[in-house]
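A.B. asks: Please find one structure pasted underneath; my questions will follow.
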Amino acid sequence: MTDSLGDEAPHYAPHVYRKRTRYLVLIDAAGAMVARLFDEARRPVAEFDASSEEVAVMTTGLRPGKGADAAAWDEALDGHSRQERLAADVYTLDV
């Protein structure tokens, strides 16, 4: 005899959550400004139009760093030109 009252709930694997978004990069991509989100390891999380309302909400009260030309951004921003990377705004988001 078991101590359960009826059928047991199925056993699921514990949830695996994505790491928090740490950086927001506003960068030109072939003439259009895009917002790119990255986690703390600079892995891409999302990309969307930089003119969206979400960008304004996420950056309220934050000051961007200018340029994403450091070696730490090489892999994350592969495909962007040096000029695009130099002109990028990099926000470190509150976590």
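Residue names in the structure tokens use chain letters A, B, ... in the order shown, residue numbers from 1 in each chain, and ligand numbers from 1 in the order shown.
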Need to verify the contact set: range 47-63 of chain A, 7 Å, only C-alpha atoms, exclusion of same-chain residues closer than 2 positions in sequence. Can you return it as a VMD selection string?
C.D. replies: chain A and resid 26 33 to 37 65 91
A.B. asks: Could you pull out the residues in chain A that DSSP calls helix (DSSP H, G or I) from the backbone, as JSON, numbers by chain?
C.D. replies: {"A": [53, 54, 55, 56, 57, 58, 59, 71, 72, 73, 82, 83, 84, 85, 86, 87]}
A.B. asks: Return as a PDB file with N, CA and C atoms, in the first residue's frame the full set of residues in chain A whose backbone-based DSSP assignment is strand (DSSP E).
C.D. replies:
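Generated output (states-v2.pdb):
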```pdb
ATOM      1  N   THR A  21      19.342  38.070 -19.226  1.00  0.00           N
ATOM      2  CA  THR A  21      19.887  38.958 -20.232  1.00  0.00           C
ATOM      3  C   THR A  21      20.708  40.025 -19.528  1.00  0.00           C
ATOM      4  N   ARG A  22      21.926  40.233 -20.000  1.00  0.00           N
ATOM      5  CA  ARG A  22      22.849  41.144 -19.334  1.00  0.00           C
ATOM      6  C   ARG A  22      23.158  42.388 -20.157  1.00  0.00           C
ATOM      7  N   TYR A  23      23.199  42.236 -21.485  1.00  0.00           N
ATOM      8  CA  TYR A  23      23.591  43.348 -22.355  1.00  0.00           C
ATOM      9  C   TYR A  23      22.543  43.621 -23.422  1.00  0.00           C
ATOM     10  N   LEU A  24      22.349  44.893 -23.708  1.00  0.00           N
ATOM     11  CA  LEU A  24      21.525  45.354 -24.820  1.00  0.00           C
ATOM     12  C   LEU A  24      22.443  46.159 -25.722  1.00  0.00           C
ATOM     13  N   VAL A  25      22.557  45.750 -26.961  1.00  0.00           N
ATOM     14  CA  VAL A  25      23.409  46.439 -27.930  1.00  0.00           C
ATOM     15  C   VAL A  25      22.521  47.018 -29.021  1.00  0.00           C
ATOM     16  N   LEU A  26      22.618  48.331 -29.207  1.00  0.00           N
ATOM     17  CA  LEU A  26      21.916  49.002 -30.300  1.00  0.00           C
ATOM     18  C   LEU A  26      22.955  49.221 -31.389  1.00  0.00           C
ATOM     19  N   ILE A  27      22.734  48.595 -32.535  1.00  0.00           N
ATOM     20  CA  ILE A  27      23.746  48.593 -33.582  1.00  0.00           C
ATOM     21  C   ILE A  27      23.095  48.672 -34.956  1.00  0.00           C
ATOM     22  N   ASP A  28      23.781  49.354 -35.863  1.00  0.00           N
ATOM     23  CA  ASP A  28      23.319  49.459 -37.245  1.00  0.00           C
ATOM     24  C   ASP A  28      23.564  48.126 -37.949  1.00  0.00           C
ATOM     25  N   ALA A  29      22.571  47.682 -38.668  1.00  0.00           N
ATOM     26  CA  ALA A  29      22.698  46.440 -39.443  1.00  0.00           C
ATOM     27  C   ALA A  29      22.225  46.734 -40.855  1.00  0.00           C
ATOM     28  N   ALA A  32      19.678  49.690 -40.929  1.00  0.00           N
ATOM     29  CA  ALA A  32      18.559  49.653 -39.975  1.00  0.00           C
ATOM     30  C   ALA A  32      19.107  49.414 -38.575  1.00  0.00           C
ATOM     31  N   MET A  33      18.639  50.189 -37.605  1.00  0.00           N
ATOM     32  CA  MET A  33      19.085  50.000 -36.225  1.00  0.00           C
ATOM     33  C   MET A  33      18.357  48.807 -35.617  1.00  0.00           C
ATOM     34  N   VAL A  34      19.127  47.918 -35.022  1.00  0.00           N
ATOM     35  CA  VAL A  34      18.558  46.756 -34.350  1.00  0.00           C
ATOM     36  C   VAL A  34      19.009  46.747 -32.895  1.00  0.00           C
ATOM     37  N   ALA A  35      18.186  46.157 -32.068  1.00  0.00           N
ATOM     38  CA  ALA A  35      18.500  45.942 -30.659  1.00  0.00           C
ATOM     39  C   ALA A  35      18.806  44.460 -30.512  1.00  0.00           C
ATOM     40  N   ARG A  36      19.957  44.155 -29.959  1.00  0.00           N
ATOM     41  CA  ARG A  36      20.350  42.758 -29.776  1.00  0.00           C
ATOM     42  C   ARG A  36      20.599  42.529 -28.297  1.00  0.00           C
ATOM     43  N   LEU A  37      19.975  41.503 -27.760  1.00  0.00           N
ATOM     44  CA  LEU A  37      20.143  41.138 -26.354  1.00  0.00           C
ATOM     45  C   LEU A  37      21.110  39.967 -26.243  1.00  0.00           C
ATOM     46  N   PHE A  38      21.969  40.024 -25.211  1.00  0.00           N
ATOM     47  CA  PHE A  38      22.957  38.983 -24.963  1.00  0.00           C
ATOM     48  C   PHE A  38      22.959  38.619 -23.485  1.00  0.00           C
ATOM     49  N   ASP A  39      23.293  37.359 -23.195  1.00  0.00           N
ATOM     50  CA  ASP A  39      23.438  36.963 -21.789  1.00  0.00           C
ATOM     51  C   ASP A  39      24.835  37.357 -21.315  1.00  0.00           C
ATOM     52  N   PRO A  44      23.819  35.296 -27.916  1.00  0.00           N
ATOM     53  CA  PRO A  44      22.609  35.999 -28.332  1.00  0.00           C
ATOM     54  C   PRO A  44      21.353  35.415 -27.700  1.00  0.00           C
ATOM     55  N   VAL A  45      20.472  36.320 -27.294  1.00  0.00           N
ATOM     56  CA  VAL A  45      19.200  35.938 -26.686  1.00  0.00           C
ATOM     57  C   VAL A  45      18.042  36.340 -27.594  1.00  0.00           C
ATOM     58  N   ALA A  46      18.096  37.562 -28.134  1.00  0.00           N
ATOM     59  CA  ALA A  46      17.008  38.054 -28.985  1.00  0.00           C
ATOM     60  C   ALA A  46      17.502  39.215 -29.831  1.00  0.00           C
ATOM     61  N   GLU A  47      16.747  39.489 -30.894  1.00  0.00           N
ATOM     62  CA  GLU A  47      17.039  40.632 -31.767  1.00  0.00           C
ATOM     63  C   GLU A  47      15.709  41.214 -32.216  1.00  0.00           C
ATOM     64  N   PHE A  48      15.609  42.555 -32.181  1.00  0.00           N
ATOM     65  CA  PHE A  48      14.371  43.208 -32.601  1.00  0.00           C
ATOM     66  C   PHE A  48      14.673  44.641 -33.023  1.00  0.00           C
ATOM     67  N   ASP A  49      13.664  45.329 -33.526  1.00  0.00           N
ATOM     68  CA  ASP A  49      13.791  46.696 -34.025  1.00  0.00           C
ATOM     69  C   ASP A  49      14.164  47.634 -32.870  1.00  0.00           C
ATOM     70  N   GLY A  65      27.559  52.451 -22.899  1.00  0.00           N
ATOM     71  CA  GLY A  65      28.963  52.540 -23.245  1.00  0.00           C
ATOM     72  C   GLY A  65      29.013  52.702 -24.752  1.00  0.00           C
ATOM     73  N   LYS A  66      29.988  53.413 -25.254  1.00  0.00           N
ATOM     74  CA  LYS A  66      30.072  53.634 -26.697  1.00  0.00           C
ATOM     75  C   LYS A  66      31.029  52.634 -27.302  1.00  0.00           C
ATOM     76  N   ASP A  89      25.835  51.321 -29.326  1.00  0.00           N
ATOM     77  CA  ASP A  89      25.599  51.663 -27.909  1.00  0.00           C
ATOM     78  C   ASP A  89      25.422  50.354 -27.151  1.00  0.00           C
ATOM     79  N   VAL A  90      26.173  50.185 -26.075  1.00  0.00           N
ATOM     80  CA  VAL A  90      26.117  48.964 -25.283  1.00  0.00           C
ATOM     81  C   VAL A  90      25.605  49.311 -23.896  1.00  0.00           C
ATOM     82  N   TYR A  91      24.450  48.758 -23.545  1.00  0.00           N
ATOM     83  CA  TYR A  91      23.860  48.951 -22.220  1.00  0.00           C
ATOM     84  C   TYR A  91      24.082  47.704 -21.388  1.00  0.00           C
ATOM     85  N   THR A  92      24.508  47.881 -20.154  1.00  0.00           N
ATOM     86  CA  THR A  92      24.571  46.781 -19.205  1.00  0.00           C
ATOM     87  C   THR A  92      23.288  46.864 -18.394  1.00  0.00           C
TER      88      THR A  92
END
```
A.B. asks: Which distance in Å separates CA of Arg85 in chain A and CA of Gly31 in chain A, to one decimal?
C.D. replies: 13.2 Å
